[in-house]
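Chemist: File name coords26.txt; file contents compact mmCIF, C-alpha atoms and all ligand atoms; full text below.
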```txt
# COMPACT_ATOMS: atom_id res chain seq x y z
CA MET A 60 261.54 148.29 -73.55
CA ARG A 61 257.95 147.29 -74.19
CA ALA A 62 258.25 144.29 -71.85
CA ARG A 63 259.59 146.40 -69.03
CA ALA A 64 256.77 148.93 -69.41
CA ARG A 65 254.29 146.10 -69.25
CA ALA A 66 255.89 144.66 -66.09
CA GLY A 67 255.74 148.10 -64.45
CA TRP A 68 252.10 148.36 -65.28
CA ARG A 69 251.44 144.96 -63.78
CA TRP A 70 253.07 145.94 -60.49
CA ARG A 71 251.01 149.10 -60.32
CA ALA A 72 247.83 147.11 -60.85
CA LEU A 73 248.81 144.65 -58.10
CA THR A 74 249.60 147.47 -55.66
CA ALA A 75 246.25 149.07 -56.40
CA LEU A 76 244.50 145.78 -55.67
CA LEU A 77 246.25 145.31 -52.32
CA PRO A 78 243.82 147.35 -50.17
CA VAL A 79 240.89 145.58 -51.79
CA THR A 80 242.43 142.16 -51.12
CA THR A 81 243.18 143.11 -47.51
CA LEU A 82 239.61 144.22 -47.02
CA VAL A 83 238.22 141.01 -48.48
CA VAL A 84 240.51 138.79 -46.42
CA THR A 85 239.88 140.59 -43.10
CA ALA A 86 236.14 140.45 -43.70
CA CYS A 87 236.39 136.73 -42.96
CA ALA A 88 238.27 137.09 -39.66
CA THR A 89 236.57 135.40 -36.71
CA ASN A 90 238.55 137.06 -33.93
CA THR A 91 237.48 140.68 -34.38
CA ALA A 92 235.39 142.47 -31.77
CA GLN A 93 232.38 142.86 -34.03
CA THR A 94 232.17 139.37 -35.41
CA THR A 95 229.00 137.37 -35.05
CA VAL A 96 230.84 134.18 -36.02
CA GLU A 97 231.38 131.56 -33.32
CA GLN A 98 234.98 130.48 -32.84
CA GLY A 99 235.73 127.56 -35.11
CA ALA A 100 232.78 128.19 -37.40
CA LEU A 101 232.95 129.36 -40.98
CA PRO A 102 232.12 133.04 -41.58
CA GLN A 103 229.14 132.22 -43.74
CA ASP A 104 227.69 130.11 -40.89
CA ALA A 105 226.76 133.36 -39.16
CA LEU A 106 224.41 134.05 -42.02
CA SER A 107 222.70 130.68 -42.32
CA PRO A 108 219.28 131.43 -40.94
CA VAL A 109 217.57 129.49 -38.16
CA GLY A 110 213.82 129.83 -37.69
CA ARG A 111 211.13 131.10 -39.96
CA PHE A 112 211.56 134.88 -39.71
CA ALA A 113 215.23 134.70 -40.63
CA ILE A 114 214.51 132.14 -43.35
CA GLN A 115 211.84 134.40 -44.87
CA THR A 116 214.34 137.25 -45.18
CA ASP A 117 216.99 134.91 -46.52
CA GLU A 118 214.70 133.51 -49.20
CA LEU A 119 213.75 137.00 -50.32
CA TRP A 120 217.43 137.92 -50.54
CA ASN A 121 218.22 134.83 -52.61
CA LEU A 122 215.36 135.54 -54.99
CA VAL A 123 216.47 139.13 -55.59
CA LEU A 124 220.08 137.97 -55.89
CA TRP A 125 219.24 135.54 -58.71
CA VAL A 126 217.20 138.14 -60.58
CA ALA A 127 220.14 140.54 -60.22
CA ILE A 128 222.62 137.89 -61.42
CA VAL A 129 220.62 137.20 -64.58
CA ILE A 130 220.36 140.92 -65.36
CA PHE A 131 224.03 141.48 -64.62
CA VAL A 132 225.20 138.68 -66.90
CA PHE A 133 222.88 139.79 -69.70
CA VAL A 134 223.95 143.47 -69.54
CA GLU A 135 227.65 142.64 -69.24
CA ALA A 136 227.40 140.27 -72.21
CA LEU A 137 225.82 143.03 -74.31
CA ILE A 138 228.60 145.42 -73.31
CA VAL A 139 231.30 142.90 -74.24
CA VAL A 140 229.66 142.19 -77.60
CA ALA A 141 229.38 145.93 -78.30
CA ILE A 142 233.02 146.54 -77.39
CA LEU A 143 234.31 143.70 -79.57
CA ARG A 144 232.05 144.18 -82.57
CA PHE A 145 232.15 147.93 -82.82
CA ARG A 146 235.74 148.57 -81.74
CA GLU A 147 237.94 150.89 -83.80
CA ARG A 148 239.75 149.11 -86.65
CA PRO A 149 242.98 150.16 -88.41
CA ASP A 150 241.24 150.94 -91.72
CA ASP A 151 238.57 153.12 -90.07
CA GLY A 152 240.62 156.30 -90.58
CA ASP A 153 238.68 159.42 -89.59
CA ARG A 154 235.39 157.81 -90.40
CA LEU A 155 232.83 158.21 -87.60
CA PRO A 156 230.25 155.54 -86.88
CA LYS A 157 226.74 156.17 -88.11
CA GLN A 158 225.34 159.04 -86.02
CA ILE A 159 221.88 158.34 -84.71
CA HIS A 160 219.71 160.12 -82.21
CA GLY A 161 217.12 158.26 -80.24
CA ASN A 162 215.21 155.08 -80.94
CA PRO A 163 211.73 155.28 -79.44
CA ARG A 164 211.08 151.56 -79.69
CA LEU A 165 214.33 150.53 -77.94
CA GLU A 166 213.87 153.18 -75.27
CA ALA A 167 210.34 152.05 -74.58
CA ILE A 168 211.55 148.45 -74.24
CA TRP A 169 214.38 149.23 -71.85
CA THR A 170 212.09 151.33 -69.70
CA VAL A 171 209.19 148.90 -69.56
CA ILE A 172 211.21 145.72 -68.90
CA PRO A 173 213.05 147.04 -65.79
CA ALA A 174 209.79 148.52 -64.52
CA LEU A 175 208.14 145.10 -64.83
CA ILE A 176 211.09 143.39 -63.10
CA LEU A 177 210.96 145.87 -60.20
CA ALA A 178 207.21 145.47 -59.90
CA GLY A 179 207.69 141.68 -59.86
CA VAL A 180 210.34 141.85 -57.13
CA ALA A 181 208.15 144.25 -55.14
CA VAL A 182 205.44 141.61 -54.67
CA PRO A 183 207.42 139.19 -52.45
CA THR A 184 209.35 142.10 -50.86
CA VAL A 185 206.23 143.88 -49.68
CA ARG A 186 204.73 140.60 -48.50
CA VAL A 187 207.78 139.80 -46.34
CA LEU A 188 207.94 143.38 -45.01
CA PHE A 189 204.31 143.22 -43.92
CA ASP A 190 204.73 139.74 -42.47
CA LEU A 191 207.69 140.81 -40.37
CA ALA A 192 206.01 144.02 -39.22
CA ASP A 193 202.80 142.23 -38.21
CA GLU A 194 202.56 142.00 -34.43
CA PRO A 195 201.34 138.55 -33.45
CA GLU A 196 198.95 138.13 -30.57
CA GLY A 197 197.86 135.24 -28.43
CA ASN A 198 199.08 133.14 -25.56
CA ASN A 199 201.86 131.52 -27.48
CA VAL A 200 203.86 134.71 -27.91
CA LEU A 201 206.69 135.71 -25.60
CA SER A 202 207.18 139.44 -25.34
CA VAL A 203 210.51 140.97 -24.31
CA ASP A 204 211.36 144.65 -23.96
CA VAL A 205 214.85 145.37 -25.28
CA ILE A 206 216.61 148.57 -24.33
CA GLY A 207 219.92 149.59 -25.87
CA HIS A 208 222.40 151.44 -23.66
CA GLN A 209 225.91 152.71 -24.24
CA TRP A 210 227.21 149.92 -24.36
CA TRP A 211 225.06 147.00 -23.27
CA TRP A 212 221.60 145.51 -23.75
CA GLU A 213 218.82 145.38 -21.18
CA TYR A 214 216.00 142.82 -21.38
CA GLN A 215 212.73 142.92 -19.45
CA TYR A 216 210.12 140.17 -19.57
CA PRO A 217 206.71 141.72 -18.79
CA GLN A 218 205.09 138.27 -18.70
CA PHE A 219 207.39 137.27 -15.82
CA GLU A 220 207.04 140.03 -13.28
CA GLY A 221 210.37 141.30 -12.04
CA LEU A 222 212.48 139.41 -14.57
CA GLU A 223 215.19 141.60 -15.93
CA THR A 224 218.58 140.68 -17.30
CA ALA A 225 221.41 142.00 -19.47
CA ASN A 226 223.27 141.19 -22.67
CA ILE A 227 222.31 137.52 -22.85
CA LEU A 228 218.76 137.09 -24.07
CA HIS A 229 217.03 133.82 -23.18
CA ILE A 230 214.17 132.65 -25.37
CA PRO A 231 212.20 129.42 -25.82
CA THR A 232 212.36 127.41 -29.04
CA ASP A 233 209.28 126.80 -31.21
CA GLN A 234 207.60 129.98 -30.07
CA THR A 235 207.28 133.41 -31.61
CA VAL A 236 209.25 135.93 -29.58
CA VAL A 237 208.36 139.57 -30.03
CA LEU A 238 211.02 142.04 -29.03
CA LYS A 239 209.90 145.60 -28.45
CA ALA A 240 213.12 147.48 -28.83
CA THR A 241 214.05 150.99 -27.89
CA SER A 242 217.10 152.88 -26.69
CA ASP A 243 218.02 154.84 -23.62
CA ASP A 244 220.54 157.17 -25.25
CA VAL A 245 221.60 157.05 -28.91
CA ILE A 246 220.52 154.88 -31.83
CA HIS A 247 221.74 151.28 -31.59
CA SER A 248 220.87 148.35 -33.81
CA PHE A 249 219.90 144.92 -32.54
CA TRP A 250 221.31 142.26 -34.84
CA VAL A 251 221.41 138.48 -34.41
CA PRO A 252 222.05 137.41 -38.01
CA LYS A 253 220.92 133.82 -37.60
CA LEU A 254 217.57 134.78 -36.11
CA ALA A 255 216.52 138.08 -37.68
CA GLY A 256 217.54 141.08 -39.70
CA LYS A 257 219.01 144.25 -38.27
CA GLN A 258 216.66 146.60 -36.47
CA ASP A 259 217.58 150.06 -35.25
CA THR A 260 216.63 150.82 -31.67
CA VAL A 261 215.71 154.50 -31.49
CA PRO A 262 215.21 156.59 -28.32
CA GLY A 263 211.54 157.40 -27.81
CA ARG A 264 210.37 154.85 -30.35
CA GLU A 265 209.39 151.22 -30.12
CA SER A 266 210.51 148.93 -32.92
CA LEU A 267 209.30 145.40 -33.39
CA ILE A 268 211.67 142.48 -33.93
CA LYS A 269 210.38 138.94 -34.26
CA LEU A 270 212.53 135.93 -33.42
CA TYR A 271 211.79 132.29 -33.83
CA ALA A 272 214.37 129.63 -33.03
CA ASP A 273 213.74 126.11 -34.35
CA GLU A 274 216.46 124.53 -32.30
CA PRO A 275 218.06 125.16 -28.92
CA GLY A 276 221.43 126.82 -29.08
CA GLU A 277 223.41 129.97 -28.67
CA TYR A 278 223.30 132.68 -31.31
CA LEU A 279 225.75 135.56 -31.47
CA GLY A 280 224.75 139.13 -32.11
CA GLN A 281 226.27 142.57 -32.28
CA CYS A 282 225.10 146.17 -32.15
CA ALA A 283 225.09 147.16 -35.80
CA GLU A 284 224.77 150.93 -35.62
CA PHE A 285 227.72 153.09 -34.67
CA CYS A 286 226.88 154.30 -31.17
CA GLY A 287 230.04 155.80 -29.77
CA LEU A 288 233.35 154.75 -28.32
CA SER A 289 232.53 151.13 -27.49
CA HIS A 290 230.17 150.36 -30.34
CA ALA A 291 232.37 147.42 -31.31
CA ASN A 292 232.14 146.13 -27.71
CA MET A 293 228.37 146.00 -27.65
CA ARG A 294 227.70 142.40 -28.37
CA LEU A 295 224.89 140.12 -27.33
CA ARG A 296 223.99 136.47 -27.20
CA VAL A 297 220.67 134.76 -27.59
CA ILE A 298 220.23 131.44 -25.84
CA ALA A 299 217.30 129.36 -27.04
CA HIS A 300 216.02 126.70 -24.61
CA GLU A 301 213.49 123.92 -24.97
CA PRO A 302 210.15 125.44 -23.87
CA ALA A 303 210.05 123.63 -20.51
CA ASP A 304 213.64 124.64 -19.71
CA PHE A 305 212.84 128.22 -20.62
CA GLN A 306 209.83 128.28 -18.29
CA ARG A 307 211.97 126.96 -15.45
CA TRP A 308 214.69 129.52 -16.19
CA ALA A 309 212.27 132.45 -16.38
CA GLN A 310 210.34 131.56 -13.23
CA GLN A 311 213.54 131.13 -11.32
CA GLN A 312 215.14 134.36 -12.57
CA ALA A 313 212.01 136.37 -11.82
CA ARG A 314 212.40 135.61 -8.12
CA SER A 315 214.30 137.85 -5.75
CA ILE A 316 217.55 136.44 -4.52
CA ARG A 317 218.31 135.51 -0.90
CA LEU A 318 221.51 137.08 0.36
CA ASP A 319 220.96 137.25 4.11
CA ARG A 320 222.87 134.07 4.84
CA LEU A 321 226.18 135.16 3.35
CA SER A 322 229.29 135.05 5.48
CA GLY A 323 233.00 135.84 5.27
CA GLN A 324 234.31 137.42 2.07
CA ALA A 325 230.93 137.33 0.35
CA ALA A 326 229.24 139.15 3.23
CA ARG A 327 232.00 141.75 3.25
CA GLY A 328 231.54 142.12 -0.52
CA ARG A 329 227.80 142.59 -0.07
CA ASP A 330 228.40 145.34 2.48
CA ALA A 331 230.96 147.02 0.19
CA PHE A 332 228.43 146.79 -2.64
CA VAL A 333 225.70 148.48 -0.61
CA GLU A 334 227.89 151.06 1.08
CA GLY A 335 229.94 151.90 -1.99
CA ALA A 336 229.06 153.43 -5.34
CA CYS A 337 227.76 150.15 -6.88
CA VAL A 338 224.16 150.59 -5.78
CA GLY A 339 223.97 153.96 -7.49
CA CYS A 340 223.87 152.17 -10.83
CA HIS A 341 222.98 148.50 -10.25
CA SER A 342 219.94 146.68 -8.92
CA ILE A 343 219.88 143.38 -7.13
CA ARG A 344 216.36 142.17 -6.46
CA GLY A 345 216.48 140.98 -2.89
CA LEU A 346 219.23 143.28 -1.66
CA GLU A 347 217.92 146.31 0.13
CA GLY A 348 219.34 149.59 -1.13
CA ALA A 349 220.49 148.14 -4.45
CA SER A 350 218.05 149.63 -6.91
CA GLY A 351 220.12 151.68 -9.35
CA THR A 352 218.91 151.58 -12.92
CA VAL A 353 221.79 153.10 -14.89
CA GLY A 354 223.75 149.86 -15.23
CA PRO A 355 222.70 146.23 -15.68
CA ASP A 356 220.49 144.47 -13.14
CA LEU A 357 222.86 142.06 -11.41
CA THR A 358 220.39 139.80 -9.58
CA TYR A 359 221.62 136.50 -11.06
CA PHE A 360 224.86 137.88 -12.43
CA SER A 361 226.87 134.70 -11.95
CA ASP A 362 224.42 132.69 -14.04
CA ARG A 363 225.48 134.75 -17.04
CA GLY A 364 228.35 133.39 -19.06
CA TRP A 365 229.44 136.82 -20.30
CA PHE A 366 229.37 140.38 -19.05
CA ALA A 367 230.00 144.02 -20.02
CA GLY A 368 228.22 143.92 -23.37
CA ALA A 369 228.80 140.16 -23.58
CA ILE A 370 232.45 140.70 -24.46
CA PHE A 371 234.15 139.18 -21.42
CA GLU A 372 233.73 135.64 -20.23
CA ASN A 373 232.41 135.68 -16.69
CA THR A 374 235.50 134.33 -14.94
CA ASP A 375 236.96 135.49 -11.63
CA GLU A 376 240.03 136.71 -13.44
CA SER A 377 238.28 138.94 -15.96
CA LEU A 378 235.87 140.14 -13.28
CA ARG A 379 238.81 141.16 -11.12
CA ASP A 380 240.45 143.01 -14.05
CA TRP A 381 237.15 144.67 -14.81
CA LEU A 382 236.59 145.93 -11.24
CA ALA A 383 240.18 147.19 -11.08
CA ASP A 384 239.73 149.51 -14.06
CA PRO A 385 236.65 149.14 -16.25
CA PRO A 386 237.49 151.84 -18.85
CA LYS A 387 240.84 150.15 -19.39
CA MET A 388 239.14 146.86 -20.24
CA LYS A 389 236.56 148.49 -22.48
CA PRO A 390 236.76 152.09 -23.74
CA MET A 391 234.06 154.14 -22.02
CA GLU A 392 233.40 157.74 -20.99
CA PRO A 393 232.26 157.48 -17.37
CA GLY A 394 232.89 161.21 -16.91
CA ASP A 395 230.04 161.82 -19.34
CA GLY A 396 227.85 159.18 -17.70
CA ARG A 397 228.65 156.56 -20.32
CA GLY A 398 229.86 153.33 -18.81
CA MET A 399 231.36 152.22 -15.55
CA PRO A 400 233.98 154.38 -13.85
CA ASP A 401 237.17 153.27 -12.18
CA LEU A 402 236.17 153.20 -8.51
CA ASN A 403 239.74 152.97 -7.21
CA LEU A 404 238.96 149.76 -5.36
CA SER A 405 241.66 148.11 -3.27
CA ASP A 406 242.65 144.49 -3.92
CA GLN A 407 240.83 143.44 -0.75
CA GLU A 408 237.66 145.20 -1.84
CA ILE A 409 237.89 143.61 -5.27
CA ASP A 410 238.33 140.12 -3.76
CA ALA A 411 235.33 140.68 -1.50
CA LEU A 412 233.20 142.00 -4.37
CA VAL A 413 234.10 139.06 -6.60
CA ALA A 414 233.20 136.64 -3.78
CA PHE A 415 229.89 138.45 -3.38
CA LEU A 416 229.12 138.57 -7.13
CA ARG A 417 229.73 134.80 -7.26
CA GLU A 418 226.86 134.34 -4.81
CA LEU A 419 224.48 135.97 -7.31
CA LYS A 420 223.39 132.70 -8.85
CA THR A 421 220.57 130.20 -8.97
CA PRO A 422 220.67 128.24 -5.70
CA ASP A 423 221.68 124.59 -6.02
CA GLN A 424 218.56 122.48 -6.29
CU1 LIG A 501 225.22 150.20 -29.73
CU2 LIG A 501 226.62 150.28 -31.63
```
Output the file's structure in the form of structure tokens.
Modeler:
Amino acid sequence: MRARARAGWRWRALTALLPVTTLVVTACATNTAQTTVEQGALPQDALSPVGRFAIQTDELWNLVLWVAIVIFVFVEALIVVAILRFRERPDDGDRLPKQIHGNPRLEAIWTVIPALILAGVAVPTVRVLFDLADEPEGNNVLSVDVIGHQWWWEYQYPQFEGLETANILHIPTDQTVVLKATSDDVIHSFWVPKLAGKQDTVPGRESLIKLYADEPGEYLGQCAEFCGLSHANMRLRVIAHEPADFQRWAQQQARSIRLDRLSGQAARGRDAFVEGACVGCHSIRGLEGASGTVGPDLTYFSDRGWFAGAIFENTDESLRDWLADPPKMKPMEPGDGRGMPDLNLSDQEIDALVAFLRELKTPDQ
């Protein structure tokens, strides 16, 4: 009888743990929309910092973590000792433990010690906060304006006149990059875990984010503030180049594109782009009439490896699916002015547009 009751209890405990286990296991998935983990990498890789601003935050976190671990172990040990030593025993009968009220010395000690610990932790915390909030000046700082939109990221480079791009942020290595971030609609949060902490982007406000990449590479990011229907589909990538490569990239991308020599499909696509609804939302520097600002600037669209909030690889196939029905590919509310509408394009129009979009690239050198 006893044994069966115990078995029943065990099953109940296991069932209660199931949701917790599921949560823990799915937290490590690398194929979810919001992940910032590269395919094939370990989940914790997304959190190993690269560059000094991320490392600063990481070191502060580790310091506070160790202080917390020591306190946790100490307090838990005291609780366990108290439970074992002062538990009820069979010969206790109705006898109550000694009734006491207050102990000024103990209370003073357990107020002063935590206060001292908090004051101690505050010193490095405040230092890091001020360091990260300090806006660096000088020639060796790259400044980028970041604007969050439902549901994509816009980047403008004031030091390279005309340069504007979307979703994929290019930066140089070994240089402080200052992002001045804001939002066009609701609050988003710019988060590239390997390079910096999360920073809300708030309409009407400019927030500072500092990045510093030690090594060239690609770093994944994700909007980290719920911002509506496609919040999970608002990703980003940061590509860090060697300084000389970055300069070349930026100077090239700042130029207008030449599209007057197109022929065939691509020329038909260009005409469809200008005569259709596309130009109402998108700019192409170098194409007359294409100066919409609601959607991403598409000037060198085909140089970008990903599109639509950096969630789709920039292949002909996904581009075709996208043009056929954008809200089906990515939940959006075009009726409310959020995201790209289905333009009811015919297959021929889609083919022509894809051919045209493929011409939006750096010319072969
Ligand atoms: Cu933008 Cu979530």
Chemist: Please list as a list in words every residue within 12 Å of Glu392 in chain A, counting only C-alpha atoms and excluding residues in the same chain fewer than 6 positions away.
Modeler: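 Listing them by chain and then by number gives Gln209, Trp210, Gly287, Leu288, Ser289, Pro385, Pro386, Gly398, Met399, Pro400 and Asp401 of chain A.
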Chemist: Which residues are near Gln311 in chain A? Cut-off 12 Å, only C-alpha atoms, ignore same chain within fewer than 5 positions. Put them as a ChimeraX atom specification.
Modeler: /A:219-223,304-306,316,358-359,362,420-424
Chemist: Find the residue from A:Leu419, A:Leu267, A:Leu357, A:Ala283 that sits nearest to Leu318 in chain A; use all atoms listed in the file when measuring.
Modeler: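 Using all atoms listed in the file, the shortest distance to Leu318 in chain A belongs to A:Leu419.
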Chemist: One decimal, Å: what's the distance from CA of Trp381 in chain A over to CA of His300 in chain A, could you say?
Modeler: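 These two atoms are separated by 29.4 Å.
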Chemist: I want to know what sits within 9 Å of Ala225 in chain A, based on only C-alpha atoms, with residues of the same chain fewer than 4 positions away left out; could you give that as a compact mmCIF listing (two decimals) with C-alpha atoms, keeping the file's coordinate frame?
Modeler:
```txt
# COMPACT_ATOMS: atom_id res chain seq x y z
CA TRP A 211 225.06 147.00 -23.27
CA TRP A 212 221.60 145.51 -23.75
CA GLU A 213 218.82 145.38 -21.18
CA TYR A 214 216.00 142.82 -21.38
CA GLN A 215 212.73 142.92 -19.45
CA LEU A 295 224.89 140.12 -27.33
CA PRO A 355 222.70 146.23 -15.68
CA ASP A 356 220.49 144.47 -13.14
CA LEU A 357 222.86 142.06 -11.41
CA PHE A 360 224.86 137.88 -12.43
CA ARG A 363 225.48 134.75 -17.04
CA PHE A 366 229.37 140.38 -19.05
CA ALA A 367 230.00 144.02 -20.02
CA GLY A 368 228.22 143.92 -23.37
CA ALA A 369 228.80 140.16 -23.58
```
Chemist: Quick one: residues within 9 Å of range 185-190 of chain A, only C-alpha atoms, excluding same-chain residues fewer than 6 positions away - as an MDAnalysis selection string?
Modeler: chainID A and resid 112 115:116 119
Chemist: Around (221.2, 147.6, -27.0), as given in the file, which residues come within 9 Å? Count all atoms listed in the file and list them as a PyMOL selection string.
Modeler: chain A and resi 205-213+226+240-243+246-249+260+281-282+293-295+368
